[in-house]
Amino acid sequence: MKYTITILTHLADLLIFSACSDSIVSSSEADLTIEEFESEAEKRAPSPGNQTIADIVVETAAADEAEFTLLLAALEYTGLTEVFTGGDQYTVFAPVDQAFLNLVDALSADLDPDVVESEGPFAAIDDLLGEGAVANVLLYHVTEGRRAANSVVPKNMRAKDRKINTLLDGASFNVAFGGTISDIAGQEASITSADNSASNGIIHVIDTVLLPLE
């Protein structure tokens with residue numbers, strides 16, 4: 001736990017907040033119910049928004065009820081922010097801050113405190129799991145194209161899980177009816193807010209960091 005506090009201190013140093021806006025995840029918003037997902041799966045894909053995925057992540061990280069501060073820090077560390085500023089369409093399964101904190105808690109006992117102090121928390125994670133691990137984790141949360149809930153979540157309980165091929169070469173995860181995600185590490189995540197539309201894609205908010213590790 002002591003490493004967790006140090007990590008959060010370094011994460012705060014990494015963040016540069018440029019604007020304030022309403023979060024796309026309200027603190028009063030509960031996980032989507034089965035009935036709501038059934039409705040979401042029947043909807044047409046939302047129209048493109050006015051902001052890029054990167055813009056939304058930056059502004060949501062700066063909101064009063066911020067949810068993506070750690071996602072933003074990870075994108076900046078890996079240099080992947082620019083991927084989500086252009087015209088190519090992507091669908092991002094975006095972990096909230098608590099999801100990253102849970103991951104940090106799970107790894108904290110094994111992180112090298114010297115690397116944390118000298119190079120920062122994400123460098124320490126790369127040191128522990130191998131160079132490029134943080135980037136691979138982020139790529140595992142992204143798929144090409146504009147994938148709304150109606151093409152991500154099965155329409156009913158009898159339908160097969162949807163396989164999502166990610167930007168991490170050869171890695172995929174499955175989405176079951178109700179918005180439950182199962183990854184190749186055997187853990188589960190839930191989509192808590194679907195179809196947040198950007199000009200260059202769609203964001204589905206999730207409550208767990210997916211791991212591309214068998």
# chains A, B, ... in the order shown; residues from 1 in each chain; ligands from 1
call {"tool": "residues_around", "arguments": {"residues": "stretch 126-142 of chain A", "least_positions_apart": "2", "cutoff": "9 Å", "atoms": "only C-alpha atoms", "output": "ChimeraX atom specification"}}
result
/A:71,74-75,77-80,90-95,107,110-112,115,121-124,144,164-169,171-173,209-212
call {"tool": "select_by_dssp", "arguments": {"residues": "stretch 91-158 of chain A", "states": "alpha helix (DSSP H)", "output": "ChimeraX atom specification"}}
result
/A:97-107,113-119,121-129,133-139
call {"tool": "write_last_selection", "arguments": {"atoms": "N, CA, C and O atoms", "output": "short mmCIF file (atom, residue, chain, number, x, y, z; two decimals), in the first residue's frame"}}
result
data_model
loop_
_atom_site.label_atom_id
_atom_site.label_comp_id
_atom_site.auth_asym_id
_atom_site.auth_seq_id
_atom_site.Cartn_x
_atom_site.Cartn_y
_atom_site.Cartn_z
N ASP A 97 -10.71 5.68 -13.26
CA ASP A 97 -9.57 5.79 -12.34
C ASP A 97 -9.51 4.64 -11.35
O ASP A 97 -8.44 4.10 -11.07
N GLN A 98 -10.66 4.27 -10.77
CA GLN A 98 -10.66 3.22 -9.76
C GLN A 98 -10.15 1.91 -10.33
O GLN A 98 -9.51 1.12 -9.61
N ALA A 99 -10.39 1.68 -11.61
CA ALA A 99 -9.89 0.45 -12.24
C ALA A 99 -8.36 0.44 -12.24
O ALA A 99 -7.74 -0.60 -11.97
N PHE A 100 -7.75 1.59 -12.54
CA PHE A 100 -6.29 1.67 -12.51
C PHE A 100 -5.77 1.55 -11.08
O PHE A 100 -4.73 0.93 -10.84
N LEU A 101 -6.48 2.14 -10.12
CA LEU A 101 -6.05 2.04 -8.72
C LEU A 101 -6.07 0.58 -8.27
O LEU A 101 -5.18 0.14 -7.53
N ASN A 102 -7.09 -0.15 -8.70
CA ASN A 102 -7.16 -1.57 -8.34
C ASN A 102 -5.97 -2.34 -8.93
O ASN A 102 -5.42 -3.24 -8.29
N LEU A 103 -5.60 -2.00 -10.16
CA LEU A 103 -4.44 -2.65 -10.79
C LEU A 103 -3.16 -2.31 -10.03
O LEU A 103 -2.32 -3.18 -9.78
N VAL A 104 -3.01 -1.04 -9.66
CA VAL A 104 -1.83 -0.62 -8.91
C VAL A 104 -1.75 -1.36 -7.58
O VAL A 104 -0.68 -1.82 -7.16
N ASP A 105 -2.89 -1.50 -6.91
CA ASP A 105 -2.91 -2.24 -5.64
C ASP A 105 -2.44 -3.68 -5.84
O ASP A 105 -1.72 -4.24 -5.01
N ALA A 106 -2.86 -4.28 -6.96
CA ALA A 106 -2.50 -5.67 -7.22
C ALA A 106 -1.01 -5.82 -7.49
O ALA A 106 -0.41 -6.86 -7.18
N LEU A 107 -0.38 -4.78 -8.06
CA LEU A 107 1.03 -4.86 -8.44
C LEU A 107 1.98 -4.21 -7.44
O LEU A 107 3.19 -4.41 -7.53
N PRO A 113 10.57 0.19 -5.91
CA PRO A 113 10.37 1.55 -5.44
C PRO A 113 11.41 2.52 -5.99
O PRO A 113 11.11 3.71 -6.16
N ASP A 114 12.60 2.04 -6.29
CA ASP A 114 13.63 2.91 -6.86
C ASP A 114 13.24 3.38 -8.26
O ASP A 114 13.46 4.53 -8.63
N VAL A 115 12.66 2.46 -9.05
CA VAL A 115 12.21 2.84 -10.40
C VAL A 115 11.02 3.79 -10.30
O VAL A 115 10.92 4.77 -11.05
N VAL A 116 10.13 3.53 -9.36
CA VAL A 116 8.99 4.43 -9.14
C VAL A 116 9.47 5.83 -8.83
O VAL A 116 9.00 6.83 -9.39
N GLU A 117 10.46 5.93 -7.93
CA GLU A 117 10.96 7.24 -7.51
C GLU A 117 11.70 7.96 -8.62
O GLU A 117 11.55 9.16 -8.81
N SER A 118 12.49 7.22 -9.40
CA SER A 118 13.35 7.88 -10.39
C SER A 118 12.69 8.08 -11.74
O SER A 118 12.96 9.07 -12.43
N GLU A 119 11.82 7.13 -12.14
CA GLU A 119 11.27 7.18 -13.49
C GLU A 119 9.76 7.24 -13.56
O GLU A 119 9.20 7.48 -14.63
N PRO A 121 5.69 5.72 -12.11
CA PRO A 121 4.98 4.46 -11.89
C PRO A 121 4.82 3.60 -13.13
O PRO A 121 4.89 2.38 -13.06
N PHE A 122 4.60 4.23 -14.28
CA PHE A 122 4.40 3.43 -15.48
C PHE A 122 5.71 2.78 -15.92
O PHE A 122 5.72 1.65 -16.42
N ALA A 123 6.82 3.49 -15.72
CA ALA A 123 8.12 2.88 -15.99
C ALA A 123 8.35 1.70 -15.06
O ALA A 123 8.93 0.68 -15.46
N ALA A 124 7.87 1.80 -13.83
CA ALA A 124 8.02 0.70 -12.88
C ALA A 124 7.18 -0.50 -13.31
O ALA A 124 7.61 -1.65 -13.16
N ILE A 125 6.00 -0.23 -13.87
CA ILE A 125 5.17 -1.34 -14.37
C ILE A 125 5.84 -1.99 -15.57
O ILE A 125 5.86 -3.22 -15.69
N ASP A 126 6.41 -1.18 -16.47
CA ASP A 126 7.14 -1.74 -17.61
C ASP A 126 8.35 -2.55 -17.13
O ASP A 126 8.69 -3.59 -17.70
N ASP A 127 9.00 -2.05 -16.08
CA ASP A 127 10.16 -2.76 -15.52
C ASP A 127 9.74 -4.11 -14.96
O ASP A 127 10.46 -5.11 -15.09
N LEU A 128 8.56 -4.16 -14.36
CA LEU A 128 8.06 -5.39 -13.75
C LEU A 128 7.55 -6.38 -14.79
O LEU A 128 7.87 -7.58 -14.74
N LEU A 129 6.76 -5.90 -15.74
CA LEU A 129 6.08 -6.78 -16.69
C LEU A 129 6.77 -6.90 -18.04
O LEU A 129 6.38 -7.72 -18.86
N ALA A 133 4.84 -2.96 -21.76
CA ALA A 133 3.67 -3.59 -21.15
C ALA A 133 2.50 -2.62 -21.02
O ALA A 133 1.36 -2.97 -21.30
N VAL A 134 2.80 -1.38 -20.60
CA VAL A 134 1.73 -0.39 -20.43
C VAL A 134 1.08 -0.07 -21.77
O VAL A 134 -0.15 -0.01 -21.88
N ALA A 135 1.89 0.10 -22.80
CA ALA A 135 1.34 0.35 -24.15
C ALA A 135 0.49 -0.81 -24.62
O ALA A 135 -0.59 -0.61 -25.20
N ASN A 136 0.94 -2.04 -24.36
CA ASN A 136 0.17 -3.21 -24.77
C ASN A 136 -1.17 -3.29 -24.06
O ASN A 136 -2.19 -3.65 -24.66
N VAL A 137 -1.17 -2.94 -22.78
CA VAL A 137 -2.42 -2.93 -22.03
C VAL A 137 -3.39 -1.93 -22.64
O VAL A 137 -4.58 -2.21 -22.82
N LEU A 138 -2.90 -0.74 -22.98
CA LEU A 138 -3.77 0.27 -23.58
C LEU A 138 -4.30 -0.19 -24.94
O LEU A 138 -5.49 -0.02 -25.24
N LEU A 139 -3.43 -0.75 -25.77
CA LEU A 139 -3.86 -1.21 -27.09
C LEU A 139 -4.90 -2.32 -26.98
O LEU A 139 -5.74 -2.49 -27.87
#
call {"tool": "select_by_dssp", "arguments": {"residues": "stretch 102-200 of chain A", "states": "strand (DSSP E or B)", "output": "MDAnalysis selection string"}}
result
chainID A and resid 142:144 162:165 172:176 180:182 188:198
call {"tool": "atom_distance", "arguments": {"atom1": "atom CA of A:Val58", "atom2": "atom CA of A:Ile203"}}
result
13.2 Å
call {"tool": "closest_residue", "arguments": {"among": "A:Asp88, A:Glu188, A:Asp195, A:Asp183", "to": "A:Ala148", "atoms": "only C-alpha atoms"}}
result
A:Asp195
call {"tool": "closest_residue", "arguments": {"among": "A:Leu213, A:Ala73, A:Ala198, A:Met157", "to": "A:Ala185", "atoms": "only C-alpha atoms"}}
result
A:Leu213
